Amino acid sequence: MDHKRELTSVDLAALEGELAGYEGAKLDKAYLYPEDDLVRLKLRDFDRGRVEFLIEVGDVKRAHVADQSHVPDAPGRPPDFAMMLRNRLSGADLVRVEQFEFDRIIELEFDREDASTTIVAELFGDGNVAVLDEYGEVIDCLETVRLKSRTVAPGTPYEFPSARFNPMTVDYDGFVARIKESDADLVRTLATQLNFGGLYGEELCTRAGIDYNVAVDDLDESDFERLYELIDEMGTRLREGNVDPRVYYETLDDGDGAGNGESGDDPDRRRVDVTPIPLSEYEGLYSESFTEFNSALDDYFFNFQREEEVEGGETQRPDFEVEIEKQKRIIQQQEQAIEDFEADAEVEREKAELLYANYDLVDDVLSTVRAAREDDVSWDDIEAKFDEGADRGIAAAEAVVSLDGSEGTVTLDIGGTRVTVDAFTGVEKNADELYKEAKRIEEKKEGALAAIENTREDLEAVKERRDEWEADDGEDEVAEDEGEDEPTDWLSMQSIPTRSTERWYEQFRWFHTSDGFLVIGGRDADDNEELVQKYLEGGDKFFHAQAHGGPVTVLKATGPSEPSKKVDFPQSSLDQAAQFAVSYSSVWKDGKFAGDVYMVDPDQVSKTPESGEYLEKGGFAIRGDRTYFESTPVGVAVGITCDDETRVIGGPSEAIEGQAATSITVEPGQFAQNDIAKRLYREFKERFADETFVRKVASPDQIQEFLPPGGSRMSED
C-alpha cells in the first residue's frame, strides 16, 4: 500500500475548522526551505504560546500545525521569498483560514495596520504558494504559472482555478442532477464528478451499501437519498469540527507472523494514511486515534518521511537532477515573463507617443465626439457620421475603428496600431494614462526580477546539497561528479543524442569566456545599434577594435532581464573579449594577425556626436579615458559541444577549446567563408564516429556563422 503524499479536499475541509481556532495568533517569523518547497510560519498565540505552521508543496503536499520538535532547523541565509514574508507579515494577525470551494487550496489571511496579506497554498498539481496583497495581486510566488486557463505571476491578479463542484453544500436536487450527468459507474462519478477522490468515493459506496461498479442509470431514489444523507452528515461533522482523526498503519509481512503488536511504534508496521474520520475501507488496518486532526497530520507526515528515507538499511539519494531541471524551467518561465512585461510596457509607451505624434488628428476625433454628445447625439449616430466622413476621405474619420458608448471610448487606427482612448478627456490625459500603464507593467517586471533572483538562489542551493551529498557518499559517483572519472569519449560514440535550447543572444555573434561570462557582438550596423541601445547595461564592458569596420562587442555582467551590477571581471575574460573584437573586425579581413582594441564603460558610449560631427548608422561617440589592449592577436576556434547541449560554438581558442568536445582553430587565410566552412565540416565528420550527429548540429551554414569576415584557413594548413 502506498504512502499518502497529498492532502485531499476532505482533509482540507476538516482542517479549515481546526485552523480557524488559531485566528488572532501573530506571525513572528517566516522561513523557506527551497529544497523541499516548504514554507514555515512561526506564530505566537495568546493561549498556546509558540505555534509552528508548515506548508509543503513539493513531492509531498501538506498544510498543518506541527509540534516544535518536528520542524526543521532554520536555514542559514533566508531567501528573498522568506524575507518578503517577514517584511509584510511580521507582527501581523491571522484573521482568516479558508478552503477555496471544495478544492485543494487553503488561504491564510493576515492583517497589519499597514497592509493585508493573503497566503494561498495550492496543494495540487506541481504545488505552489502565492502571496497576495489586499487587492488580490500576486506579490511573489514559488512557481510562475502561465496557462491558457489561469495565470499566477508576480504583478498580476491571482487567478483561482475554475471552481470545483462542492458536494458538501449542494442541495439534494443539485446533487442528484450532478450524478445523473455522468455516464460512468458510481464510484468513478463520486471520485471525479463530485470531487471526492477514489478513497472517499469507495467509502461512500461502502457506507451506503451500494456496489462500487453500479451504473449511475441503475440507481433509484433510495440510493440517492442514502448517499446524500451520508455526504450531508460528513459535511456537517467536518464543519463543526466533530472529527475522530486516525493514522493508519500497514503491517509489513516478513513471513514469520511479525507485526501483530498493539503499538503504533511497532517496527513491523508503517504509516500509510491519515484521515479526519475513521474509514470503513480501512477497517482491517491498525489505526492510532488523535484528538486533533492537526496532531494526526503532524505525526503522519513527520514519521512517514523518516520511514521513507530508509529502505533496505540505506538512505535513498534524493533526485537532485529532477529538482535542478525544475528550477531551470522556472527560471526560463520567469525570464519569458520579464520579456513579456518589457514588450507590453513598450507597446503602451508607443501608443502614447503615437497620440502626441498625431495630436491634431486625435484631438479632432475627440472634440467631434464630445460636441456630439453635448447635443445628445446617440453613439450609433456619431459612428455613422464617422463612417460617412471616412467614405469622403476625411483623415480623422478614417482613423476611427469603433466607438463604445458603454465605456465612453473611441478606438483609433494610427499607423496600423490600434489605440483606445477616453472620448471625454484630452490627448494629453489619454497619453498620460498610457504612460502610467507602461509604468505599472514595469513595476510588475521588478517583482519578477526579484523572483528570478530567488529562484537562482534556490537552484544553487540544490546544487550545493547535491555536491554535499555526493562528497559524503564516498562511492564512484563522487569521482564522476568531481570530474575524476575518465571524460566521455564523444568522438568514438556511435550515437550521440542531440539537445539544444534557443537562446536570446544567438541573433548576434557570441561566445562564453573560459570564466563563464557571455560576450556578444554585432554582425552589422543594425546589430551594433541594437546592442548599445538595448543590451548594454551598467556593469558591462564595451569593446571595439581601433580599426574601422569592427563589431560592437559587449562583455555582459548580467542577463538582459536582470538588474545591472558591477562585476570584477577576470583578466582572462577581458583578454578574450578583446580578441573577439579584433578577430571579427576588418583586421582579419585585411589579412593581419593583430590589432589594437579599446575598452570603456557603458556610460562613456553615446549616440550624440560632438558639435559639427556626424555619426553614421552603427557608429557611436566615445567620451573619456579608454583602456587599450595593444597588439591583440586575432584568433578564432570553431568547435562542437556535446555536454549539456549539442551545438556549434565559436570564438577565441582559449575559451572554445575548454568547452567543446573537439575544436578547430582558424587564422586569416586564402579560403572564402563558404569554402572554409565546408572544409571544417568535412574535418568534423572525420573526427566523429557518429557522422549523422555532425550533419544534425554542424552544417556548413551553422559553422560559417562563427567565422570572421574575409578569408581564413585552418591553422594547421
# chains A, B, ... in the order shown; residues from 1 in each chain; ligands from 1
>>> residues_around(residues="region 418-429 of chain A", least_positions_apart="3", cutoff="7 Å", atoms="only C-alpha atoms", output="VMD selection string")
chain A and resid 351 355 359 362 to 363 366 369 to 370 408 to 414 432 to 433
>>> residues_around(residues="Asp126 (chain A)", least_positions_apart="4", cutoff="10 Å", atoms="only C-alpha atoms", output="list in words")
Val57, Gly58, Asp59, Val60, Lys61, Glu122 and Glu143 of chain A
>>> atom_distance(atom1="CA of Ser631 (chain A)", atom2="CA of Gln571 (chain A)")
16.1 Å
>>> atom_distance(atom1="CA of Trp588 (chain A)", atom2="CA of Arg623 (chain A)")
26.6 Å
>>> atom_distance(atom1="CA of Leu707 (chain A)", atom2="CA of Ile622 (chain A)")
27.7 Å
>>> residues_around(residues="region 215-227 of chain A", least_positions_apart="4", cutoff="7 Å", atoms="only C-alpha atoms", output="short mmCIF file (atom, residue, chain, number, x, y, z; two decimals) with C-alpha atoms, in the first residue's frame")
data_model
loop_
_atom_site.label_atom_id
_atom_site.label_comp_id
_atom_site.auth_asym_id
_atom_site.auth_seq_id
_atom_site.Cartn_x
_atom_site.Cartn_y
_atom_site.Cartn_z
CA VAL A 176 -28.92 14.20 -7.98
CA LYS A 180 -27.13 11.84 -13.41
CA ASP A 183 -22.06 8.14 -17.84
CA ALA A 184 -19.54 6.34 -15.57
CA ASP A 185 -20.16 3.94 -12.70
CA LEU A 186 -20.97 5.24 -9.23
CA LEU A 204 -19.37 6.41 0.50
CA ALA A 208 -24.40 3.32 1.59
CA ILE A 231 -22.46 13.31 2.41
#
>>> decode(residues="region 621-638 of chain A", atoms="N, CA and C atoms", output="CSV table (one decimal), in the first residue's frame")
chain,number,residue,atom,x,y,z
A,621,ALA,N,29.8,57.7,-30.3
A,621,ALA,CA,30.8,58.6,-29.8
A,621,ALA,C,31.3,58.1,-28.4
A,622,ILE,N,32.6,58.0,-28.3
A,622,ILE,CA,33.2,57.5,-27.0
A,622,ILE,C,33.8,58.7,-26.3
A,623,ARG,N,33.4,58.9,-25.1
A,623,ARG,CA,34.0,60.0,-24.3
A,623,ARG,C,34.7,59.5,-23.0
A,624,GLY,N,35.8,60.2,-22.7
A,624,GLY,CA,36.5,59.8,-21.5
A,624,GLY,C,37.7,58.9,-21.8
A,625,ASP,N,38.4,58.4,-20.8
A,625,ASP,CA,39.6,57.6,-21.0
A,625,ASP,C,39.2,56.2,-21.4
A,626,ARG,N,40.1,55.6,-22.2
A,626,ARG,CA,39.9,54.3,-22.7
A,626,ARG,C,41.0,53.4,-22.2
A,627,THR,N,40.7,52.1,-22.0
A,627,THR,CA,41.7,51.1,-21.7
A,627,THR,C,42.1,50.3,-22.9
A,628,TYR,N,43.4,50.3,-23.3
A,628,TYR,CA,43.8,49.7,-24.6
A,628,TYR,C,44.4,48.3,-24.4
A,629,PHE,N,44.1,47.5,-25.3
A,629,PHE,CA,44.7,46.2,-25.4
A,629,PHE,C,45.5,46.2,-26.7
A,630,GLU,N,46.7,46.5,-26.6
A,630,GLU,CA,47.6,46.8,-27.8
A,630,GLU,C,48.1,45.5,-28.4
A,631,SER,N,48.1,45.5,-29.7
A,631,SER,CA,48.6,44.3,-30.5
A,631,SER,C,48.0,43.0,-30.1
A,632,THR,N,46.7,43.1,-29.9
A,632,THR,CA,45.9,41.9,-29.5
A,632,THR,C,45.9,40.9,-30.7
A,633,PRO,N,46.3,39.7,-30.5
A,633,PRO,CA,46.4,38.7,-31.7
A,633,PRO,C,45.0,38.3,-32.0
A,634,VAL,N,44.8,38.1,-33.4
A,634,VAL,CA,43.5,37.6,-33.8
A,634,VAL,C,43.5,36.1,-33.5
A,635,GLY,N,42.4,35.5,-33.5
A,635,GLY,CA,42.3,34.0,-33.2
A,635,GLY,C,40.9,33.5,-33.0
A,636,VAL,N,40.5,32.6,-33.8
A,636,VAL,CA,39.1,32.0,-33.6
A,636,VAL,C,39.2,30.5,-33.7
A,637,ALA,N,38.5,29.9,-32.9
A,637,ALA,CA,38.3,28.4,-33.0
A,637,ALA,C,36.8,28.1,-33.1
A,638,VAL,N,36.5,27.1,-33.9
A,638,VAL,CA,35.1,26.6,-34.0
A,638,VAL,C,35.1,25.2,-33.5
